[in-house]
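Shown next: entry34.txt, containing compact mmCIF, C-alpha atoms.
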# COMPACT_ATOMS: atom_id res chain seq x y z
CA MET F 1 -169.49 156.44 -47.19
CA THR F 2 -171.31 156.23 -50.52
CA PRO F 3 -172.73 159.67 -51.37
CA ASN F 4 -176.08 160.29 -52.96
CA VAL F 5 -175.26 162.73 -55.77
CA GLY F 6 -177.40 164.82 -58.07
CA ILE F 7 -175.59 166.01 -61.22
CA PHE F 8 -177.18 168.84 -63.22
CA THR F 9 -176.72 169.89 -66.84
CA TYR F 10 -178.50 172.48 -68.96
CA SER F 11 -179.24 170.35 -72.04
CA VAL F 12 -179.72 166.90 -73.56
CA LYS F 13 -177.60 167.83 -76.60
CA PRO F 14 -173.98 166.57 -76.86
CA ARG F 15 -172.06 169.69 -75.85
CA GLY F 16 -168.83 169.29 -73.89
CA SER F 17 -170.24 169.87 -70.40
CA VAL F 18 -173.26 167.65 -71.14
CA VAL F 19 -171.02 164.81 -72.33
CA HIS F 20 -168.89 165.31 -69.21
CA ALA F 21 -171.98 165.11 -67.00
CA ALA F 22 -173.18 161.90 -68.67
CA CYS F 23 -169.83 160.11 -68.58
CA LEU F 24 -169.15 161.19 -65.00
CA ALA F 25 -172.59 160.01 -63.84
CA GLU F 26 -172.02 156.57 -65.36
CA ALA F 27 -168.50 156.28 -63.94
CA LEU F 28 -169.66 157.31 -60.47
CA ASP F 29 -172.48 154.80 -60.68
CA ALA F 30 -169.97 152.08 -61.60
CA GLU F 31 -167.96 153.01 -58.48
CA GLY F 32 -171.01 152.43 -56.28
CA ALA F 33 -172.28 155.98 -55.83
CA ASN F 34 -176.01 156.67 -55.92
CA VAL F 35 -176.21 159.09 -58.85
CA THR F 36 -179.03 160.87 -60.65
CA LEU F 37 -178.38 163.02 -63.70
CA TYR F 38 -180.82 165.89 -64.26
CA ALA F 39 -181.01 167.55 -67.68
CA LEU F 40 -183.25 170.24 -69.12
CA ALA F 41 -185.15 168.94 -72.15
CA LYS F 42 -187.58 170.58 -74.54
CA HIS F 43 -190.81 168.76 -75.37
CA GLY F 44 -190.06 165.67 -77.47
CA ASP F 45 -186.29 165.76 -76.92
CA ASP F 46 -184.43 162.75 -75.53
CA PHE F 47 -180.95 162.58 -74.07
CA PHE F 48 -178.37 162.35 -76.85
CA ARG F 49 -177.60 158.71 -76.01
CA PRO F 50 -178.82 155.94 -73.70
CA LEU F 51 -177.48 156.35 -70.17
CA ARG F 52 -176.27 153.65 -67.78
CA SER F 53 -177.29 155.64 -64.71
CA ARG F 54 -180.52 157.22 -63.49
CA LEU F 55 -181.71 160.11 -65.68
CA VAL F 56 -184.41 162.67 -64.92
CA LEU F 57 -185.45 165.12 -67.64
CA LEU F 58 -186.65 168.51 -66.43
CA PRO F 59 -189.17 170.23 -68.75
CA ALA F 60 -187.89 173.23 -70.72
CA GLY F 61 -189.96 175.56 -72.88
CA PRO F 62 -189.18 177.18 -76.24
CA ALA F 63 -186.07 179.36 -76.16
CA PRO F 64 -186.48 183.15 -76.18
CA ALA F 65 -184.17 184.90 -78.65
CA GLU F 66 -182.74 187.36 -76.10
CA PRO F 67 -179.88 185.72 -74.10
CA ASP F 68 -180.76 187.24 -70.71
CA ARG F 69 -184.36 186.11 -71.02
CA LEU F 70 -183.24 182.66 -72.09
CA ILE F 71 -180.96 182.14 -69.09
CA ALA F 72 -183.54 183.52 -66.65
CA GLN F 73 -186.13 181.14 -68.06
CA ARG F 74 -183.82 178.13 -67.91
CA ILE F 75 -182.84 178.91 -64.29
CA ALA F 76 -186.53 179.08 -63.37
CA GLU F 77 -187.17 175.79 -65.18
CA VAL F 78 -184.45 174.01 -63.20
CA GLN F 79 -185.89 175.40 -59.96
CA ALA F 80 -189.43 174.33 -60.92
CA GLY F 81 -188.20 170.90 -61.98
CA LEU F 82 -186.43 170.35 -58.66
CA ARG F 83 -189.59 171.19 -56.77
CA ALA F 84 -191.70 168.92 -58.99
CA VAL F 85 -189.51 165.83 -58.62
CA GLY F 86 -188.69 166.45 -54.96
CA ALA F 87 -184.96 165.94 -55.50
CA ARG F 88 -183.02 165.15 -52.30
CA HIS F 89 -179.29 164.43 -52.35
CA ASP F 90 -176.26 164.54 -50.08
CA LEU F 91 -174.71 167.00 -52.50
CA TYR F 92 -175.62 168.76 -55.71
CA HIS F 93 -173.16 168.99 -58.60
CA ALA F 94 -173.71 171.60 -61.34
CA GLU F 95 -171.87 171.33 -64.65
CA ASP F 96 -172.59 174.90 -65.79
CA CYS F 97 -173.39 178.36 -64.48
CA LEU F 98 -177.07 178.08 -65.42
CA THR F 99 -177.88 175.04 -63.27
CA ALA F 100 -175.57 176.23 -60.48
CA SER F 101 -177.39 179.57 -60.33
CA ALA F 102 -180.64 177.65 -59.92
CA LEU F 103 -179.24 175.39 -57.21
CA VAL F 104 -177.84 178.07 -54.90
CA THR F 105 -181.35 179.30 -54.06
CA SER F 106 -183.17 175.95 -54.34
CA VAL F 107 -181.36 173.29 -52.34
CA PRO F 108 -181.47 172.82 -48.55
CA ALA F 109 -179.22 175.27 -46.67
CA LEU F 110 -176.75 172.67 -45.40
CA SER F 111 -176.51 170.68 -48.64
CA PRO F 112 -173.20 171.41 -50.37
CA ILE F 113 -173.05 172.51 -53.99
CA VAL F 114 -170.21 171.49 -56.31
CA ARG F 115 -169.52 173.40 -59.51
CA THR F 116 -167.40 172.11 -62.37
CA VAL F 117 -165.95 174.92 -64.48
CA HIS F 118 -165.15 173.94 -68.05
CA HIS F 119 -164.00 177.38 -69.18
CA VAL F 120 -164.52 180.95 -68.02
CA GLU F 121 -166.78 182.92 -70.37
CA ARG F 122 -166.34 186.61 -71.21
CA PHE F 123 -169.93 187.86 -71.11
CA ALA F 124 -170.86 191.35 -72.29
CA SER F 125 -174.20 191.10 -70.46
CA PRO F 126 -174.02 192.07 -66.74
CA TYR F 127 -176.80 189.57 -66.07
CA LEU F 128 -174.93 186.65 -67.63
CA ALA F 129 -171.69 187.73 -65.95
CA ALA F 130 -173.52 187.71 -62.62
CA CYS F 131 -174.79 184.19 -63.29
CA GLN F 132 -171.26 182.98 -63.85
CA GLN F 133 -169.93 184.88 -60.83
CA ARG F 134 -172.59 183.51 -58.55
CA SER F 135 -172.18 179.95 -59.81
CA ILE F 136 -168.50 179.97 -58.84
CA GLU F 137 -168.40 182.16 -55.75
CA ALA F 138 -171.51 180.65 -54.16
CA SER F 139 -170.55 176.99 -54.61
CA ASP F 140 -169.02 175.10 -51.71
CA LEU F 141 -166.48 173.31 -53.92
CA VAL F 142 -165.17 174.34 -57.32
CA LEU F 143 -163.61 171.84 -59.72
CA SER F 144 -161.80 172.74 -62.94
CA VAL F 145 -161.21 170.45 -65.91
CA SER F 146 -157.75 171.86 -66.65
CA GLU F 147 -154.89 173.80 -65.09
CA ARG F 148 -155.65 176.68 -67.44
CA THR F 149 -159.26 176.86 -66.26
CA ALA F 150 -158.15 176.68 -62.62
CA ARG F 151 -155.89 179.70 -63.14
CA GLU F 152 -158.73 181.61 -64.82
CA VAL F 153 -161.05 180.82 -61.92
CA ALA F 154 -158.45 182.02 -59.42
CA ARG F 155 -157.69 185.19 -61.38
CA GLU F 156 -161.29 186.16 -62.16
CA PHE F 157 -163.06 185.05 -58.98
CA GLY F 158 -160.45 184.49 -56.30
CA ARG F 159 -161.46 180.86 -55.84
CA ASP F 160 -159.14 177.91 -55.54
CA SER F 161 -160.34 174.93 -57.54
CA ARG F 162 -159.33 171.33 -57.67
CA VAL F 163 -158.27 170.09 -61.12
CA VAL F 164 -159.89 166.86 -62.29
CA HIS F 165 -159.13 166.11 -65.92
CA ASN F 166 -161.67 164.67 -68.33
CA GLY F 167 -161.72 161.01 -69.22
CA VAL F 168 -162.47 159.02 -72.34
CA ASP F 169 -164.23 155.70 -72.93
CA LEU F 170 -161.70 153.62 -74.86
CA ALA F 171 -164.15 150.73 -75.28
CA ARG F 172 -166.44 153.03 -77.28
CA PHE F 173 -163.90 153.04 -80.11
CA ASP F 174 -162.89 149.37 -80.04
CA GLU F 175 -165.55 148.23 -82.53
CA GLU F 176 -167.07 149.99 -85.49
CA PRO F 177 -170.88 150.20 -85.69
CA ALA F 178 -172.59 147.23 -87.33
CA THR F 179 -174.26 149.52 -89.86
CA LEU F 180 -173.14 152.75 -91.49
CA PRO F 181 -174.95 155.69 -89.84
CA ALA F 182 -177.29 157.47 -92.24
CA ALA F 183 -175.59 160.86 -91.83
CA ALA F 184 -172.20 159.32 -92.58
CA ALA F 185 -173.53 157.47 -95.61
CA LYS F 186 -174.57 160.79 -97.16
CA LEU F 187 -170.93 161.90 -97.29
CA GLY F 188 -170.30 159.53 -100.17
CA LEU F 189 -166.68 158.91 -99.25
CA ALA F 190 -164.59 156.58 -101.40
CA ASP F 191 -162.19 154.18 -99.71
CA HIS F 192 -159.15 156.20 -100.81
CA ASP F 193 -160.56 159.57 -99.64
CA LEU F 194 -158.90 161.26 -96.66
CA LEU F 195 -161.32 162.62 -94.06
CA VAL F 196 -160.51 165.62 -91.87
CA LEU F 197 -162.97 166.01 -88.98
CA SER F 198 -163.72 169.05 -86.82
CA VAL F 199 -166.03 168.74 -83.80
CA GLY F 200 -167.89 171.56 -82.06
CA GLY F 201 -169.76 173.35 -84.82
CA VAL F 202 -169.18 176.86 -86.10
CA GLU F 203 -168.08 179.12 -83.23
CA GLU F 204 -165.70 181.99 -82.69
CA ARG F 205 -163.76 180.19 -79.98
CA LYS F 206 -163.50 177.09 -82.19
CA ASN F 207 -161.69 179.23 -84.78
CA THR F 208 -163.92 177.83 -87.51
CA LEU F 209 -163.59 180.64 -90.05
CA ARG F 210 -159.80 180.52 -89.94
CA ALA F 211 -159.96 176.73 -90.17
CA LEU F 212 -162.14 177.13 -93.29
CA GLU F 213 -159.59 179.45 -94.87
CA ALA F 214 -156.83 176.95 -94.13
CA MET F 215 -158.86 173.97 -95.33
CA SER F 216 -159.83 175.74 -98.57
CA GLY F 217 -156.17 175.86 -99.56
CA ALA F 218 -155.55 172.31 -98.34
CA LEU F 219 -158.50 170.96 -100.36
CA ILE F 220 -157.10 172.61 -103.47
CA GLY F 221 -153.67 171.15 -102.72
CA ASN F 222 -154.92 167.59 -102.15
CA ALA F 223 -157.91 166.34 -104.15
CA ARG F 224 -158.37 163.34 -101.83
CA LEU F 225 -159.18 165.50 -98.79
CA HIS F 226 -162.71 165.97 -97.45
CA TRP F 227 -163.60 168.15 -94.45
CA VAL F 228 -166.57 167.48 -92.18
CA VAL F 229 -167.66 169.83 -89.38
CA VAL F 230 -170.03 168.33 -86.81
CA GLY F 231 -171.73 169.75 -83.74
CA GLY F 232 -173.36 173.05 -83.02
CA ALA F 233 -176.01 172.24 -80.41
CA SER F 234 -175.45 175.30 -78.23
CA ILE F 235 -177.52 177.39 -75.86
CA TRP F 236 -175.95 180.44 -77.53
CA ASP F 237 -176.94 181.78 -80.92
CA HIS F 238 -174.13 181.35 -83.47
CA SER F 239 -176.38 181.80 -86.50
CA GLU F 240 -174.60 184.90 -87.81
CA LEU F 241 -171.24 183.17 -87.79
CA GLU F 242 -172.81 180.10 -89.39
CA LYS F 243 -174.20 182.30 -92.19
CA ARG F 244 -170.75 183.75 -92.81
CA PHE F 245 -169.27 180.25 -92.86
CA ASP F 246 -171.88 178.95 -95.29
CA ALA F 247 -171.48 182.00 -97.54
CA ARG F 248 -167.72 181.47 -97.74
CA VAL F 249 -168.21 177.79 -98.54
CA ALA F 250 -170.74 178.69 -101.26
CA ALA F 251 -168.16 180.98 -102.87
CA LEU F 252 -165.57 178.21 -103.22
CA PRO F 253 -165.00 176.46 -106.56
CA GLU F 254 -167.40 173.55 -106.99
CA SER F 255 -164.57 170.99 -106.89
CA VAL F 256 -163.66 172.27 -103.42
CA ARG F 257 -167.15 173.15 -102.15
CA ARG F 258 -168.47 169.60 -102.57
CA ARG F 259 -165.73 168.35 -100.22
CA VAL F 260 -166.83 170.58 -97.32
CA THR F 261 -169.76 169.32 -95.24
CA ARG F 262 -171.35 170.86 -92.16
CA LEU F 263 -173.45 168.13 -90.55
CA GLY F 264 -174.61 169.94 -87.41
CA ALA F 265 -175.40 167.88 -84.31
CA VAL F 266 -175.19 164.11 -84.78
CA ASP F 267 -175.94 161.15 -82.53
CA GLU F 268 -173.17 159.37 -80.69
CA ALA F 269 -173.10 156.37 -83.06
CA THR F 270 -172.50 158.69 -86.01
CA LEU F 271 -169.85 160.70 -84.16
CA THR F 272 -168.07 157.50 -83.10
CA TRP F 273 -168.03 156.30 -86.73
CA LEU F 274 -166.69 159.67 -87.89
CA TYR F 275 -163.86 159.55 -85.37
CA GLN F 276 -162.97 156.03 -86.49
CA ARG F 277 -163.19 156.81 -90.21
CA SER F 278 -161.32 160.11 -90.02
CA ASP F 279 -157.66 160.34 -90.89
CA VAL F 280 -157.16 163.63 -89.08
CA LEU F 281 -158.96 165.59 -86.37
CA LEU F 282 -158.56 169.34 -86.84
CA CYS F 283 -159.07 171.35 -83.65
CA PRO F 284 -157.29 174.75 -83.86
CA SER F 285 -159.41 176.32 -81.10
CA LEU F 286 -158.63 179.74 -79.69
CA HIS F 287 -160.18 178.95 -76.30
CA GLU F 288 -161.12 175.62 -74.73
CA GLY F 289 -161.68 174.35 -71.25
CA TRP F 290 -160.19 170.95 -72.06
CA GLY F 291 -160.70 169.94 -75.69
CA LEU F 292 -162.57 166.66 -75.24
CA CYS F 293 -162.75 165.99 -78.99
CA ALA F 294 -158.95 165.78 -79.16
CA LEU F 295 -158.88 163.17 -76.40
CA GLU F 296 -161.68 161.21 -78.09
CA ALA F 297 -159.78 161.31 -81.38
CA LEU F 298 -156.69 159.92 -79.65
CA ALA F 299 -158.82 157.08 -78.27
CA ALA F 300 -160.19 156.38 -81.75
CA GLY F 301 -156.71 156.13 -83.24
CA THR F 302 -157.04 159.33 -85.27
CA ALA F 303 -154.12 161.70 -85.90
CA VAL F 304 -154.73 165.04 -84.16
CA ILE F 305 -153.96 168.62 -85.19
CA ALA F 306 -154.58 170.96 -82.27
CA SER F 307 -153.57 174.38 -80.99
CA ALA F 308 -150.12 174.68 -79.48
CA ARG F 309 -151.54 176.26 -76.35
CA GLU F 310 -153.25 175.29 -73.15
CA PRO F 311 -155.27 173.31 -72.32
CA PHE F 312 -154.22 171.04 -75.22
CA THR F 313 -150.60 171.07 -74.07
CA GLU F 314 -151.70 169.62 -70.73
CA PHE F 315 -152.31 166.26 -72.41
CA LEU F 316 -150.78 166.60 -75.88
CA ASP F 317 -147.21 167.07 -77.08
CA ARG F 318 -145.52 166.84 -80.46
CA GLY F 319 -144.93 163.14 -79.93
CA VAL F 320 -148.65 162.35 -80.04
CA ALA F 321 -150.14 165.26 -82.02
CA CYS F 322 -149.34 167.98 -84.54
CA LEU F 323 -149.48 171.28 -82.63
CA VAL F 324 -150.05 174.50 -84.58
CA ASP F 325 -150.39 178.23 -84.07
CA PRO F 326 -154.20 178.67 -84.15
CA GLU F 327 -153.84 182.23 -85.39
CA SER F 328 -151.78 181.20 -88.42
CA THR F 329 -153.74 180.02 -91.44
CA VAL F 330 -150.45 179.03 -93.06
CA ASP F 331 -149.50 176.86 -90.06
CA ILE F 332 -152.89 175.11 -89.96
CA GLN F 333 -152.97 174.51 -93.71
CA GLY F 334 -149.39 173.23 -93.74
CA ALA F 335 -150.16 170.71 -91.00
CA VAL F 336 -153.21 169.38 -92.84
CA LEU F 337 -151.29 169.02 -96.11
CA ALA F 338 -148.30 167.41 -94.40
CA LEU F 339 -150.39 164.79 -92.59
CA GLY F 340 -152.57 164.24 -95.65
CA ALA F 341 -149.47 163.34 -97.65
CA ASP F 342 -147.79 161.17 -94.99
CA ALA F 343 -149.65 157.97 -94.10
CA GLY F 344 -146.72 156.79 -91.99
CA ARG F 345 -146.80 159.88 -89.80
CA ARG F 346 -150.57 159.57 -89.38
CA ALA F 347 -150.18 155.96 -88.28
CA GLU F 348 -147.38 156.88 -85.87
CA LEU F 349 -149.47 159.64 -84.24
CA ALA F 350 -152.52 157.35 -84.11
CA ALA F 351 -150.64 154.61 -82.25
CA LYS F 352 -148.95 156.96 -79.80
CA GLY F 353 -152.16 158.92 -79.31
CA ARG F 354 -154.15 155.81 -78.42
CA GLU F 355 -151.54 154.96 -75.80
CA ARG F 356 -151.70 158.52 -74.37
CA ALA F 357 -155.50 158.31 -74.13
CA ARG F 358 -155.18 155.32 -71.80
CA ARG F 359 -153.95 157.69 -69.08
CA PHE F 360 -157.30 159.49 -69.02
CA THR F 361 -160.17 157.25 -67.96
CA TRP F 362 -163.58 158.18 -66.61
CA ARG F 363 -162.95 155.74 -63.75
CA ARG F 364 -159.93 157.81 -62.75
CA ALA F 365 -162.05 160.95 -62.93
CA ALA F 366 -164.83 159.32 -60.89
CA VAL F 367 -162.45 158.25 -58.11
CA ALA F 368 -161.09 161.80 -57.91
CA HIS F 369 -164.64 163.18 -57.72
CA LEU F 370 -165.61 160.74 -54.97
CA ASP F 371 -162.54 161.74 -52.96
CA ALA F 372 -163.52 165.41 -53.32
CA TYR F 373 -167.16 164.69 -52.45
CA ARG F 374 -166.26 162.76 -49.30
CA SER F 375 -163.87 165.44 -48.10
CA LEU F 376 -166.56 168.07 -48.60
CA LEU F 377 -169.24 166.06 -46.82
CA ALA F 378 -166.91 165.38 -43.88
CA GLU F 379 -166.41 169.09 -43.23
CA VAL F 380 -168.25 170.68 -40.32
CA ARG F 381 -169.13 174.09 -41.70
CA PRO F 382 -171.91 176.65 -41.86
CA PRO F 383 -173.87 177.17 -45.07
CA ASN F 384 -171.99 179.13 -47.72
CA ALA F 385 -172.74 182.65 -46.56
CA PHE F 386 -172.16 184.16 -49.98
CA ALA F 387 -174.80 181.87 -51.49
CA ARG F 388 -177.41 183.18 -49.06
CA THR F 389 -176.56 186.87 -49.36
CA PHE F 390 -175.78 187.32 -53.05
CA PRO F 391 -178.03 190.14 -54.33
CA GLU F 392 -181.16 188.52 -55.71
CA SER F 393 -181.75 191.52 -57.99
CA LEU F 394 -178.84 190.34 -60.13
CA LEU F 395 -180.23 186.88 -60.75
CA SER F 396 -183.84 186.32 -59.84
CA VAL F 397 -185.25 188.30 -62.76
CA ALA F 398 -183.39 189.32 -65.88
CA PRO F 399 -183.99 192.76 -67.39
CA GLY F 400 -187.21 192.80 -69.33
CA VAL F 401 -188.44 189.42 -68.04

Would you mind giving the structure from this file in structure tokens?
Amino acid sequence: MTPNVGIFTYSVKPRGSVVHAACLAEALDAEGANVTLYALAKHGDDFFRPLRSRLVLLPAGPAPAEPDRLIAQRIAEVQAGLRAVGARHDLYHAEDCLTASALVTSVPALSPIVRTVHHVERFASPYLAACQQRSIEASDLVLSVSERTAREVAREFGRDSRVVHNGVDLARFDEEPATLPAAAAKLGLADHDLLVLSVGGVEERKNTLRALEAMSGALIGNARLHWVVVGGASIWDHSELEKRFDARVAALPESVRRRVTRLGAVDEATLTWLYQRSDVLLCPSLHEGWGLCALEALAAGTAVIASAREPFTEFLDRGVACLVDPESTVDIQGAVLALGADAGRRAELAAKGRERARRFTWRRAAVAHLDAYRSLLAEVRPPNAFARTFPESLLSVAPGV
């Protein structure tokens, strides 16, 4: 049986769950599934890269500043988009709590809903917490991208989830782009300069301020080092943290400040080039669902510094990466300086890392998803009762909307 699958994501920007949705859709398509990827898109926005599977963009309006209003609006936009395009699938797969919350009241009663959980959020807002709760408890099948996430789902929501690890496209990193991307050209790197890359923007869970403190000392200690931070296309507002980051960079000595660059969101060609050109990926996150950038860096042949905690330790060890205490500025800085001074160690980690990345393919992930889909579709079961009885007052309209 070849299932007809609709995959849903909240954005066209290259955040982790959006990248996962795109790569999974293409891999499923290559395995013979009939797949359509649905993504919310503001007027004039395109998907962050060309897609080798069917893509439908659902219209999204300007974002309200207040988080509850924003999520309520986006849920309504997914629901309206589904009605407008007349989507019909054997099963519906949501990559986030926003689209899942829209699906549980929009799809036919007997159509199963799958929810991939990347990481469990700690929301202060009761409304946002209810969105997350509903998206997990009301789905017919829950998948987690890591063992850590699966344990969080079980602890917080009492749901068992099947672990399907992320994949990586090794072919993406086999050849460098024919031309230097414009954003990369602006960095002005000399051939002998050492590039440290961080992916994911400026966020609390990415540990960016502590990474800045560590990198400030490393940049003073090694004049060849440059640090580039890319990403930041998020549905959440991180502007206050970004202001603090930029203010701390502005206060650095000029000789150090000019070697710190925050690029923001970049296209995939630029990000691929940055992975390939970088000597080190620095990812000392406090909380991740999987840590896709670390796997992509391995595939690109880039030495990795990552947190010595889950989920990184599910696919990294000290043989393929430098693992650090993410709460120790001294540990992070020491790792950067040590790798910056040791080309042989960087080369050793790059070679072993590339080999480790070969274990994690999107084809492998797609086959696991198809197995889960077919098992779900073969079940004879009533509609998920929780999905039909969950109190609408918690989700249908956010406070003040």

request  = Considering only C-alpha atoms, return as a count of residues only whatever protein or nucleic-acid residues lie within 12 Å of Ala341 (chain F), sequence-local ones (same chain, fewer than 5 positions apart) excluded.
outcome  = 15

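Atom pair CA of Thr270 (chain F) / CA of Pro181 (chain F): separated by 5.4 Å.
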
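With all atoms listed in the file as the atoms that count, the residue of F:Ala27, F:Leu37, F:Leu58, F:Leu170 with the shortest distance to Ala300 (chain F) is F:Leu170.
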
Go through region 60-102 of chain F and flag each residue having an atom no more than 6 Å from region 108-121 of chain F; for those, report the closest pair of atoms plus their distance in Å to one decimal, using all atoms listed in the file, ordered by chain and rising number, as a tab-separated table.
residue	atom	partner	partner_atom	distance
F:Leu91	CA	F:Pro112	CA	5.1
F:Tyr92	CA	F:Ile113	CA	4.9
F:His93	CA	F:Val114	CA	4.5
F:Ala94	CA	F:Arg115	CA	4.9
F:Glu95	CA	F:Thr116	CA	5.1

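Note that CA of Tyr127 (chain F) and CA of Val142 (chain F) are 21.1 Å apart.
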
Neighbour list for Leu82 (chain F) as a PDB file with C-alpha atoms, in the coordinates of the input, cut-off 9 Å, all atoms listed in the file, skip fewer than 6 positions in-chain:
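And here is the file that came out, around-v6.pdb:
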ATOM      1  CA  LEU F  58    -186.650 168.510 -66.430  1.00  0.00           C
ATOM      2  CA  ARG F  88    -183.020 165.150 -52.300  1.00  0.00           C
ATOM      3  CA  LEU F 103    -179.240 175.390 -57.210  1.00  0.00           C
ATOM      4  CA  SER F 106    -183.170 175.950 -54.340  1.00  0.00           C
ATOM      5  CA  VAL F 107    -181.360 173.290 -52.340  1.00  0.00           C
TER       6      VAL F 107
END

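Nearest residue to Ala65 (chain F) among F:His238, F:Arg345, F:Arg318, F:Arg354 is F:His238, counting all atoms listed in the file.
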
task = Show which residues sit within 7 Å of Leu57 (chain F), as an MDAnalysis selection string. Count all atoms listed in the file, and ignore same-chain residues fewer than 2 positions away.
result = chainID F and resid 38:41 55 59

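Interatomic distance, CA of Asn4 (chain F) against CA of Arg134 (chain F): 24.1 Å.
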
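Shortest separation to Leu209 (chain F) among F:Ala308, F:Val229, F:Met1, F:Val78 occurs at residue F:Val229, atoms counted being all atoms listed in the file.
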
query = Which residues, written as an MDAnalysis selection string, have at least one atom at most 12 Å from Ala350 (chain F), with only C-alpha atoms counted and residues fewer than 2 positions away on the same chain left out?
reply = chainID F and resid 275:276 278:281 294:305 319:322 339 343:348 352:357

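The closest residue to Gly32 (chain F), picked from F:Val19, F:Leu271, F:Leu263, F:Val5 and counting all atoms listed in the file, is F:Val5.
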